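What follows is model32.csv (CSV, C-alpha atoms).
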```csv
chain,number,residue,atom,x,y,z
A,1,MET,CA,32.2,26.8,-48.0
A,2,ILE,CA,29.3,29.2,-47.5
A,3,ASP,CA,27.9,27.0,-44.7
A,4,ASN,CA,31.3,27.0,-43.0
A,5,ILE,CA,31.4,30.8,-43.1
A,6,LYS,CA,27.9,31.1,-41.7
A,7,ASN,CA,28.7,28.7,-38.9
A,8,SER,CA,31.9,30.6,-38.1
A,9,LEU,CA,30.0,33.9,-38.0
A,10,TYR,CA,27.4,32.4,-35.7
A,11,PHE,CA,29.9,31.1,-33.2
A,12,SER,CA,31.8,34.4,-33.3
A,13,LYS,CA,28.6,36.2,-32.5
A,14,MET,CA,27.7,33.7,-29.8
A,15,LYS,CA,31.0,34.2,-28.1
A,16,LEU,CA,30.7,37.9,-28.3
A,17,LEU,CA,27.2,38.0,-26.8
A,18,PHE,CA,28.2,35.5,-24.1
A,19,ASN,CA,31.2,37.4,-23.0
A,20,LYS,CA,29.3,40.7,-23.0
A,21,GLY,CA,26.5,39.0,-21.0
A,22,VAL,CA,29.0,37.9,-18.4
A,23,ALA,CA,30.6,41.3,-18.2
A,24,ASN,CA,27.2,43.0,-17.8
A,25,LYS,CA,26.1,40.3,-15.2
A,26,ARG,CA,23.3,39.2,-17.4
A,27,ILE,CA,24.9,35.8,-17.2
A,28,ILE,CA,26.1,34.6,-13.8
A,29,PRO,CA,27.1,31.2,-12.4
A,30,PHE,CA,24.7,29.4,-10.1
A,31,ASP,CA,25.4,30.9,-6.6
A,32,ASP,CA,25.2,29.7,-3.1
A,33,GLU,CA,21.7,31.0,-2.7
A,34,PHE,CA,20.5,29.0,-5.7
A,35,TYR,CA,22.2,25.8,-4.5
A,36,GLU,CA,20.6,26.3,-1.1
A,37,LYS,CA,17.2,26.3,-2.8
A,38,LEU,CA,18.1,22.9,-4.4
A,39,ASN,CA,19.3,21.5,-1.1
A,40,HIS,CA,15.9,20.5,0.3
A,41,THR,CA,14.6,18.4,-2.6
A,42,TYR,CA,15.9,14.8,-2.9
A,43,ILE,CA,16.5,12.5,-5.8
A,44,SER,CA,17.9,9.0,-5.4
A,45,GLY,CA,18.8,9.7,-1.8
A,46,LEU,CA,20.8,12.9,-2.5
A,47,PRO,CA,19.9,16.6,-2.3
A,48,VAL,CA,19.5,18.0,-5.8
A,49,SER,CA,22.2,20.5,-5.0
A,50,ILE,CA,24.8,17.7,-5.0
A,51,HIS,CA,23.5,16.3,-8.3
A,52,ILE,CA,23.7,19.7,-10.0
A,53,LYS,CA,26.8,21.1,-8.4
A,54,TYR,CA,29.1,18.0,-8.4
A,55,LEU,CA,27.9,15.1,-10.6
A,56,LYS,CA,27.8,16.7,-14.0
A,57,PRO,CA,31.4,15.8,-14.9
A,58,ILE,CA,30.9,12.1,-14.2
A,59,VAL,CA,27.6,11.6,-16.0
A,60,VAL,CA,27.3,10.8,-19.7
A,61,PRO,CA,26.7,13.7,-22.1
A,62,GLY,CA,23.0,14.4,-22.8
A,63,ARG,CA,21.7,14.3,-19.2
A,64,CYS,CA,20.5,17.9,-19.4
A,65,TYR,CA,16.9,16.6,-19.5
A,66,ASP,CA,17.4,14.8,-16.2
A,67,ARG,CA,19.3,17.6,-14.6
A,68,SER,CA,16.7,20.3,-15.7
A,69,LEU,CA,13.9,18.0,-14.4
A,70,TYR,CA,15.6,17.8,-11.0
A,71,MET,CA,15.8,21.6,-10.8
A,72,PHE,CA,12.2,21.8,-12.0
A,73,PHE,CA,11.1,19.8,-9.0
A,74,CYS,CA,12.7,22.3,-6.6
A,75,PHE,CA,10.6,25.3,-7.5
A,76,ASP,CA,6.8,25.6,-7.6
A,77,ASP,CA,6.9,28.3,-10.3
A,78,ALA,CA,9.5,26.8,-12.5
A,79,ILE,CA,8.8,26.0,-16.2
A,80,LEU,CA,10.4,23.0,-17.7
A,81,VAL,CA,11.7,23.7,-21.2
A,82,ARG,CA,12.9,21.5,-24.1
A,83,GLY,CA,14.3,22.8,-27.4
A,84,ASP,CA,16.9,22.4,-30.1
A,85,ASN,CA,19.8,24.8,-29.6
A,86,LYS,CA,21.6,26.0,-32.6
A,87,ASP,CA,25.1,25.7,-31.2
A,88,LEU,CA,24.5,22.0,-30.5
A,89,GLU,CA,23.0,21.4,-33.9
A,90,LEU,CA,26.1,23.0,-35.6
A,91,ARG,CA,28.5,21.1,-33.4
A,92,TYR,CA,26.9,17.7,-33.3
A,93,GLY,CA,24.1,17.5,-35.9
A,94,LYS,CA,20.3,17.9,-35.8
A,95,ASP,CA,19.8,14.6,-33.9
A,96,GLU,CA,22.0,15.9,-31.0
A,97,ALA,CA,20.6,19.4,-30.8
A,98,GLY,CA,18.1,18.7,-28.0
A,99,HIS,CA,18.6,20.5,-24.8
A,100,GLY,CA,16.7,21.0,-21.5
A,101,TRP,CA,16.6,23.9,-19.1
A,102,ILE,CA,14.2,25.7,-16.7
A,103,GLU,CA,12.8,29.2,-16.7
A,104,MET,CA,11.7,31.4,-13.8
A,105,ASP,CA,11.1,35.1,-13.4
A,106,ASN,CA,12.4,35.9,-16.9
A,107,TYR,CA,15.6,34.0,-16.3
A,108,VAL,CA,16.9,30.8,-17.9
A,109,TYR,CA,18.7,28.3,-15.7
A,110,ASP,CA,20.9,26.1,-17.8
A,111,PRO,CA,21.9,22.8,-16.1
A,112,SER,CA,24.8,22.0,-18.3
A,113,LEU,CA,26.5,25.4,-18.2
A,114,MET,CA,25.3,25.8,-14.6
A,115,MET,CA,24.5,29.5,-15.2
A,116,ARG,CA,21.6,31.8,-15.0
A,117,PHE,CA,20.9,33.9,-18.1
A,118,ASP,CA,18.6,36.8,-18.8
A,119,LYS,CA,16.0,35.0,-20.8
A,120,ASP,CA,16.0,37.2,-23.9
A,121,LEU,CA,19.8,37.0,-24.1
A,122,TYR,CA,19.8,33.2,-23.8
A,123,TYR,CA,17.4,33.0,-26.7
A,124,GLU,CA,19.5,35.4,-28.7
A,125,ILE,CA,22.7,33.5,-28.1
A,126,TYR,CA,21.4,29.9,-28.6
A,127,ASN,CA,18.5,30.5,-31.0
A,128,PRO,CA,16.4,27.5,-29.7
A,129,THR,CA,13.8,26.1,-32.0
A,130,ASN,CA,11.1,23.4,-31.5
A,131,VAL,CA,10.7,24.8,-28.0
A,132,SER,CA,8.1,23.2,-25.7
A,133,LYS,CA,7.3,24.4,-22.2
A,134,CYS,CA,5.7,22.6,-19.2
A,135,THR,CA,4.3,24.0,-16.0
A,136,LYS,CA,3.9,22.1,-12.8
A,137,GLU,CA,0.2,21.7,-13.5
A,138,GLU,CA,0.9,20.4,-17.0
A,139,TYR,CA,3.6,18.0,-15.8
A,140,CYS,CA,1.1,16.6,-13.2
A,141,SER,CA,-1.6,16.1,-15.8
A,142,THR,CA,-1.1,12.3,-15.8
A,143,SER,CA,-1.5,10.1,-12.7
A,144,GLU,CA,2.0,8.6,-13.1
A,145,CYS,CA,3.7,12.0,-13.2
A,146,GLN,CA,1.5,13.3,-10.4
A,147,GLU,CA,2.6,10.4,-8.3
A,148,VAL,CA,6.3,11.0,-9.0
A,149,TYR,CA,6.0,14.8,-8.4
A,150,ASN,CA,4.1,14.3,-5.1
A,151,ASP,CA,6.6,11.7,-3.9
A,152,ILE,CA,9.5,14.0,-4.5
A,153,LYS,CA,7.9,17.1,-3.1
A,154,ASN,CA,6.8,15.2,0.1
A,155,THR,CA,10.2,13.7,0.7
A,156,THR,CA,12.1,15.3,3.6
A,157,ILE,CA,15.5,14.8,5.2
A,158,ASP,CA,13.9,12.7,7.9
A,159,ASP,CA,13.0,10.1,5.4
A,160,PHE,CA,16.8,9.3,5.1
A,161,LYS,CA,17.5,9.2,8.8
A,162,PRO,CA,17.5,5.9,10.8
A,163,TYR,CA,14.3,3.9,10.1
A,164,GLY,CA,13.1,6.7,7.7
A,165,LYS,CA,10.8,5.5,4.9
A,166,LYS,CA,13.5,6.0,2.3
A,167,ARG,CA,16.5,5.0,4.4
A,168,ILE,CA,17.2,1.8,2.4
A,169,GLU,CA,17.8,3.9,-0.8
A,170,LEU,CA,21.1,4.9,0.8
A,171,SER,CA,22.5,1.3,0.7
A,172,LEU,CA,23.6,1.7,-2.9
A,173,THR,CA,23.7,5.5,-3.3
A,174,ILE,CA,26.0,6.6,-0.5
A,175,PRO,CA,28.9,4.1,-1.1
A,176,LEU,CA,28.8,4.9,-4.8
A,177,ILE,CA,28.8,8.7,-4.3
A,178,MET,CA,31.5,8.4,-1.6
A,179,GLY,CA,33.7,6.7,-4.0
A,180,ILE,CA,33.1,9.2,-6.7
A,181,ALA,CA,33.8,12.1,-4.4
A,182,GLN,CA,37.1,10.6,-3.3
A,183,ASN,CA,38.1,9.9,-6.9
A,184,THR,CA,37.4,13.5,-8.0
A,185,GLY,CA,39.7,14.9,-5.3
A,186,ASN,CA,37.3,17.8,-4.9
A,187,GLN,CA,37.5,18.7,-1.3
A,188,GLU,CA,34.4,20.9,-1.4
A,189,PHE,CA,32.4,17.9,-2.8
A,190,ILE,CA,33.9,15.6,-0.1
A,191,ASP,CA,33.1,18.1,2.7
A,192,GLU,CA,29.5,18.7,1.6
A,193,LEU,CA,28.9,15.0,1.2
A,194,ASN,CA,30.3,14.3,4.6
A,195,ASP,CA,28.0,17.0,6.1
A,196,TYR,CA,25.0,15.3,4.5
A,197,ILE,CA,26.1,11.9,5.7
A,198,SER,CA,26.5,13.2,9.2
A,199,LEU,CA,23.1,14.9,9.0
A,200,ILE,CA,21.3,11.7,8.1
A,201,GLN,CA,23.3,9.7,10.6
A,202,TYR,CA,24.5,7.3,7.9
A,203,ASP,CA,26.2,4.2,9.0
A,204,GLU,CA,26.7,1.5,6.3
A,205,GLU,CA,26.3,-1.5,8.7
A,206,GLU,CA,23.1,0.0,10.2
A,207,VAL,CA,21.6,0.8,6.8
A,208,ASN,CA,22.3,-2.8,5.7
A,209,ASN,CA,20.7,-4.1,8.8
A,210,GLU,CA,17.6,-2.0,8.2
A,211,LEU,CA,17.6,-3.3,4.6
A,212,ASN,CA,17.8,-6.9,5.8
A,213,GLU,CA,15.0,-6.3,8.3
A,214,ALA,CA,12.8,-4.8,5.6
A,215,MET,CA,13.5,-7.8,3.3
A,216,GLN,CA,12.6,-10.2,6.1
A,217,LYS,CA,9.3,-8.4,6.8
A,218,THR,CA,8.5,-8.5,3.1
A,219,MET,CA,9.2,-12.3,2.9
A,220,LYS,CA,7.1,-13.0,5.9
A,221,SER,CA,4.3,-10.9,4.5
A,222,LEU,CA,4.4,-12.8,1.2
A,223,HIS,CA,4.2,-16.1,3.1
A,224,GLY,CA,1.4,-14.9,5.3
A,225,LEU,CA,3.5,-15.0,8.5
A,226,LYS,CA,3.5,-12.5,11.4
```
Represent the structure contained in this file as structure tokens.
Amino acid sequence: MIDNIKNSLYFSKMKLLFNKGVANKRIIPFDDEFYEKLNHTYISGLPVSIHIKYLKPIVVPGRCYDRSLYMFFCFDDAILVRGDNKDLELRYGKDEAGHGWIEMDNYVYDPSLMMRFDKDLYYEIYNPTNVSKCTKEEYCSTSECQEVYNDIKNTTIDDFKPYGKKRIELSLTIPLIMGIAQNTGNQEFIDELNDYISLIQYDEEEVNNELNEAMQKTMKSLHGLK
């Protein structure tokens, strides 16, 4: 009984602080300027902006770690953060309390809520514990992570254009995402994806031909043929 009262009081306070933060503009949705900054980093053949803006509803819960990592890659000064948020613990239990976000310039960017918070307000609302933080330098402290980071940071839009070095990644990604966009019925999603497809000059037949050519070259190389 006492625990239920404490939990109810916590959620009431959380709601009050959240609503006040929105009213005072200390909490704001990700805006066009923020998404534009995500638009020039690519994961799995797509701009991070599309991952964050449109794909959250169709991924399984608990992907905040991936989504926050994607955002982390987009900013040189971002800090990658992991912690146990109190609201998640009370809703789902201690084992499901883990959450991921990034911090920059005294703001928290939450990939699940898709909102920017004043950092002190975010911590007041969600009372995170077991918090760990990781800078770019710390993330790149192992050769494996350094390789991943460098690959993502060095990938450009040209790598997905005809005969670009990552063109063949599109053979699976684009048909899947096109289907998802159509199923959502979100015209903004469809339009933005079509703009990207046009920009990289995507043609399914041509991409498959490039994939086949790459496979043939690989087979010849394995057999010592020219």
For this session: Can you pull out every residue within 8 Å of range 25-35 of chain A, counting all atoms listed in the file, but drop anything in the same chain fewer than 5 positions away, and send it as a list in words?
Result: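 The neighbour list is Phe18, Ser49, Lys53, Met114, Met115, Arg116, Phe117, Asp118 and Leu121 of chain A.
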Problem set entry | Pick from A:Glu188, A:Asn183, A:Lys136, A:Glu206, whichever lies nearest to Tyr163 in chain A using all atoms listed in the file |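 Distance minimum relative to Tyr163 in chain A lands on A:Glu206.
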Seminar exercise, completed: The distance between CA of Gln201 in chain A and CA of Tyr149 in chain A is 26.2 Å
Problem set entry | Point-to-point distance from CA of Asp77 in chain A to CA of Met104 in chain A, Å rounded to tenths | 6.7 Å
For this session: Rank A:Leu90, A:Val81, A:Met71, A:Leu55 by their smallest atom-to-atom distance to Lys6 in chain A, using all atoms listed in the file, and report the top residue only.
Result: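 Comparing A:Leu90, A:Val81, A:Met71, A:Leu55 against Lys6 in chain A, the winner is A:Leu90.
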For this session: Show which residues sit within 10 Å of Pro128 in chain A, as a PyMOL selection string. Count only C-alpha atoms, and ignore same-chain residues fewer than 6 positions away.
Result: chain A and resi 82-89+97-99+122
For this session: Compare A:Ile125, A:Ile168, A:Leu199, A:Cys74 by their minimum atom-to-atom distance to Gly21 in chain A, counting all atoms listed in the file, and give me the closest one.
Result: A:Ile125
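Distance annotation: of A:Thr173, A:Asn127, A:Asn39, A:Asn150, the residue with the minimal separation from Tyr202 in chain A is A:Thr173; atom set is all atoms listed in the file.
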Exercise. Can you tell me, as a list in words, what residues are no more than 9 Å from Pro175 in chain A when counting only C-alpha atoms, ignoring any on the same chain fewer than 5 positions away?
Worked result: Leu170, Ile180 and Glu204 of chain A
Problem set entry | Shell around Lys15 in chain A at 12 Å using only C-alpha atoms, local window under 5 positions removed, as number ranges by chain | A: 8-10, 20-22, 87, 124-126
Could you model N, CA and C atoms for range 25-43 of chain A and present them as a PDB file, in the coordinates of the input?
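Contents of the output file part-v7.pdb:
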```pdb
ATOM      1  N   LYS A  25      26.826  41.101 -16.248  1.00  0.00           N
ATOM      2  CA  LYS A  25      26.100  40.300 -15.200  1.00  0.00           C
ATOM      3  C   LYS A  25      24.731  39.892 -15.623  1.00  0.00           C
ATOM      4  N   ARG A  26      24.523  39.779 -16.920  1.00  0.00           N
ATOM      5  CA  ARG A  26      23.300  39.200 -17.400  1.00  0.00           C
ATOM      6  C   ARG A  26      23.398  37.683 -17.509  1.00  0.00           C
ATOM      7  N   ILE A  27      24.619  37.214 -17.333  1.00  0.00           N
ATOM      8  CA  ILE A  27      24.900  35.800 -17.200  1.00  0.00           C
ATOM      9  C   ILE A  27      25.766  35.611 -15.981  1.00  0.00           C
ATOM     10  N   ILE A  28      25.289  34.793 -15.035  1.00  0.00           N
ATOM     11  CA  ILE A  28      26.100  34.600 -13.800  1.00  0.00           C
ATOM     12  C   ILE A  28      26.043  33.085 -13.462  1.00  0.00           C
ATOM     13  N   PRO A  29      27.105  32.587 -12.844  1.00  0.00           N
ATOM     14  CA  PRO A  29      27.100  31.200 -12.400  1.00  0.00           C
ATOM     15  C   PRO A  29      26.056  30.975 -11.303  1.00  0.00           C
ATOM     16  N   PHE A  30      25.574  29.757 -11.189  1.00  0.00           N
ATOM     17  CA  PHE A  30      24.700  29.400 -10.100  1.00  0.00           C
ATOM     18  C   PHE A  30      25.465  29.786  -8.775  1.00  0.00           C
ATOM     19  N   ASP A  31      24.785  30.494  -7.877  1.00  0.00           N
ATOM     20  CA  ASP A  31      25.400  30.900  -6.600  1.00  0.00           C
ATOM     21  C   ASP A  31      24.970  30.110  -5.451  1.00  0.00           C
ATOM     22  N   ASP A  32      25.519  30.427  -4.279  1.00  0.00           N
ATOM     23  CA  ASP A  32      25.200  29.700  -3.100  1.00  0.00           C
ATOM     24  C   ASP A  32      23.699  29.751  -2.745  1.00  0.00           C
ATOM     25  N   GLU A  33      23.091  30.890  -2.999  1.00  0.00           N
ATOM     26  CA  GLU A  33      21.700  31.000  -2.700  1.00  0.00           C
ATOM     27  C   GLU A  33      20.837  30.081  -3.585  1.00  0.00           C
ATOM     28  N   PHE A  34      21.223  29.938  -4.855  1.00  0.00           N
ATOM     29  CA  PHE A  34      20.500  29.000  -5.700  1.00  0.00           C
ATOM     30  C   PHE A  34      20.687  27.587  -5.282  1.00  0.00           C
ATOM     31  N   TYR A  35      21.920  27.210  -4.965  1.00  0.00           N
ATOM     32  CA  TYR A  35      22.200  25.800  -4.500  1.00  0.00           C
ATOM     33  C   TYR A  35      21.445  25.519  -3.219  1.00  0.00           C
ATOM     34  N   GLU A  36      21.316  26.515  -2.353  1.00  0.00           N
ATOM     35  CA  GLU A  36      20.600  26.300  -1.100  1.00  0.00           C
ATOM     36  C   GLU A  36      19.127  25.960  -1.400  1.00  0.00           C
ATOM     37  N   LYS A  37      18.563  26.552  -2.425  1.00  0.00           N
ATOM     38  CA  LYS A  37      17.200  26.300  -2.800  1.00  0.00           C
ATOM     39  C   LYS A  37      17.032  24.848  -3.368  1.00  0.00           C
ATOM     40  N   LEU A  38      18.129  24.302  -3.866  1.00  0.00           N
ATOM     41  CA  LEU A  38      18.100  22.900  -4.400  1.00  0.00           C
ATOM     42  C   LEU A  38      18.391  21.908  -3.286  1.00  0.00           C
ATOM     43  N   ASN A  39      18.759  22.393  -2.128  1.00  0.00           N
ATOM     44  CA  ASN A  39      19.300  21.500  -1.100  1.00  0.00           C
ATOM     45  C   ASN A  39      18.211  20.796  -0.283  1.00  0.00           C
ATOM     46  N   HIS A  40      16.946  21.128  -0.536  1.00  0.00           N
ATOM     47  CA  HIS A  40      15.900  20.500   0.300  1.00  0.00           C
ATOM     48  C   HIS A  40      14.923  19.667  -0.557  1.00  0.00           C
ATOM     49  N   THR A  41      15.362  19.338  -1.762  1.00  0.00           N
ATOM     50  CA  THR A  41      14.600  18.400  -2.600  1.00  0.00           C
ATOM     51  C   THR A  41      15.590  17.233  -2.884  1.00  0.00           C
ATOM     52  N   TYR A  42      15.062  16.003  -2.833  1.00  0.00           N
ATOM     53  CA  TYR A  42      15.900  14.800  -2.900  1.00  0.00           C
ATOM     54  C   TYR A  42      15.570  13.902  -4.008  1.00  0.00           C
ATOM     55  N   ILE A  43      16.605  13.495  -4.729  1.00  0.00           N
ATOM     56  CA  ILE A  43      16.500  12.500  -5.800  1.00  0.00           C
ATOM     57  C   ILE A  43      17.483  11.421  -5.588  1.00  0.00           C
TER      58      ILE A  43
END
```
